[in-house]
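Asks: Submitted below is the structure of interest, expressed as structure tokens.
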Amino acid sequence: MNAESCADAYWVRIHEGESHLGAGFLLTRSFVLTALHVVSGASGDDVRLDLHLPDGKRVPGRLCDRIEESDLALVAVLDAHAYDLPPAPPTDRPRRGVARHLPAAGYEDRAERAGHPRADHSSQRRAR
């Protein structure tokens, strides 16, 4: 399976009844991430959504969270365990030599301020 067809397996069309609202991405077997403006066209926050998967399956969903300032919405797949949904999509792996040129930010700085030593990844780089 090439990268494009692999990614296509996680796109979900979002409907309310016969009305197509837009699309989202299957993050896990239980959740679809979409733009908030997609589901804002639904008739209400507690409405049942129909999630159309690329393989033809239709599964029920419901809006479970929103982040208005980022235009993001999370849709829960109802009774997700009852469907044979694909697992979380594979992550991209960095190419050799690329990661060592990227600056570290966030986590290590907070860890150091808390008194934890900075991790030394130099031995891992040499091993590759």
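Naming scheme: A, B, ... for chains in displayed order of the structure tokens; residues 1 onward per chain; ligands 1 onward as shown.
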So which residues touch Asp79 (chain A) within 10 Å, counting only C-alpha atoms, skipping near sequence neighbours fewer than 3 positions away, as a PyMOL selection string?

Replies: chain A and resi 30+59-61+76+82-83

Asks: For CA of Ser19 (chain A) and CA of Pro87 (chain A), quote the distance in Å rounded to one decimal.

Replies: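 Calculated distance between CA of Ser19 (chain A) and CA of Pro87 (chain A) is 27.4 Å.
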
Asks: So which one's closest to Glu68 (chain A), A:Val47, A:His37, A:Asp55, A:Ala80? Using only C-alpha atoms, please.

Replies: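 Going through A:Val47, A:His37, A:Asp55, A:Ala80 one by one, the smallest distance to Glu68 (chain A) is for A:His37.
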
Asks: Rounded to one decimal place, report the CA of Thr28 (chain A)-CA of Arg13 (chain A) distance in Å.

Replies: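 For CA of Thr28 (chain A) relative to CA of Arg13 (chain A), the distance reads 15.4 Å.
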
Asks: Go through A:Arg29, A:His15, A:His20, A:Arg58 and flag the residue nearest His81 (chain A), using only C-alpha atoms for the distances.

Replies: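 For His81 (chain A), the nearest of the candidates is A:Arg29.
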
Asks: For each of A:Asp71, A:Asp8, A:Glu18, A:Asp84, take the minimum atom-to-atom distance to Leu49 (chain A), counting only C-alpha atoms, then give the residue where this is smallest.

Replies: A:Glu18

Asks: Need to verify the contact set: Ser70 (chain A), 12 Å, only C-alpha atoms, exclusion of same-chain residues closer than 6 positions in sequence. Can you return it as a PDB file with all heavy atoms, in the first residue's frame?

Replies:
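Writing done, so here's part-v4.pdb:
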```pdb
ATOM      1  N   THR A  34     -12.283  16.854  12.523  1.00  0.00           N
ATOM      2  CA  THR A  34     -12.767  17.631  11.387  1.00  0.00           C
ATOM      3  C   THR A  34     -12.687  19.109  11.734  1.00  0.00           C
ATOM      4  O   THR A  34     -12.332  19.485  12.851  1.00  0.00           O
ATOM      5  CB  THR A  34     -14.212  17.217  11.009  1.00  0.00           C
ATOM      6  OG1 THR A  34     -14.563  17.858   9.778  1.00  0.00           O
ATOM      7  CG2 THR A  34     -15.211  17.573  12.092  1.00  0.00           C
ATOM      8  N   ALA A  35     -13.017  19.934  10.775  1.00  0.00           N
ATOM      9  CA  ALA A  35     -13.089  21.373  11.024  1.00  0.00           C
ATOM     10  C   ALA A  35     -14.433  21.678  11.676  1.00  0.00           C
ATOM     11  O   ALA A  35     -15.458  21.095  11.315  1.00  0.00           O
ATOM     12  CB  ALA A  35     -12.941  22.134   9.717  1.00  0.00           C
ATOM     13  N   LEU A  36     -14.429  22.582  12.613  1.00  0.00           N
ATOM     14  CA  LEU A  36     -15.659  22.941  13.307  1.00  0.00           C
ATOM     15  C   LEU A  36     -16.707  23.491  12.339  1.00  0.00           C
ATOM     16  O   LEU A  36     -17.886  23.210  12.475  1.00  0.00           O
ATOM     17  CB  LEU A  36     -15.362  23.949  14.417  1.00  0.00           C
ATOM     18  CG  LEU A  36     -16.543  24.395  15.265  1.00  0.00           C
ATOM     19  CD1 LEU A  36     -17.234  23.207  15.934  1.00  0.00           C
ATOM     20  CD2 LEU A  36     -16.086  25.390  16.318  1.00  0.00           C
ATOM     21  N   HIS A  37     -16.255  24.228  11.329  1.00  0.00           N
ATOM     22  CA  HIS A  37     -17.235  24.770  10.385  1.00  0.00           C
ATOM     23  C   HIS A  37     -17.958  23.666   9.604  1.00  0.00           C
ATOM     24  O   HIS A  37     -19.051  23.876   9.110  1.00  0.00           O
ATOM     25  CB  HIS A  37     -16.591  25.799   9.440  1.00  0.00           C
ATOM     26  CG  HIS A  37     -15.627  25.216   8.459  1.00  0.00           C
ATOM     27  ND1 HIS A  37     -14.267  25.174   8.694  1.00  0.00           N
ATOM     28  CD2 HIS A  37     -15.816  24.643   7.252  1.00  0.00           C
ATOM     29  CE1 HIS A  37     -13.666  24.612   7.665  1.00  0.00           C
ATOM     30  NE2 HIS A  37     -14.592  24.281   6.774  1.00  0.00           N
TER      31      HIS A  37
END
```
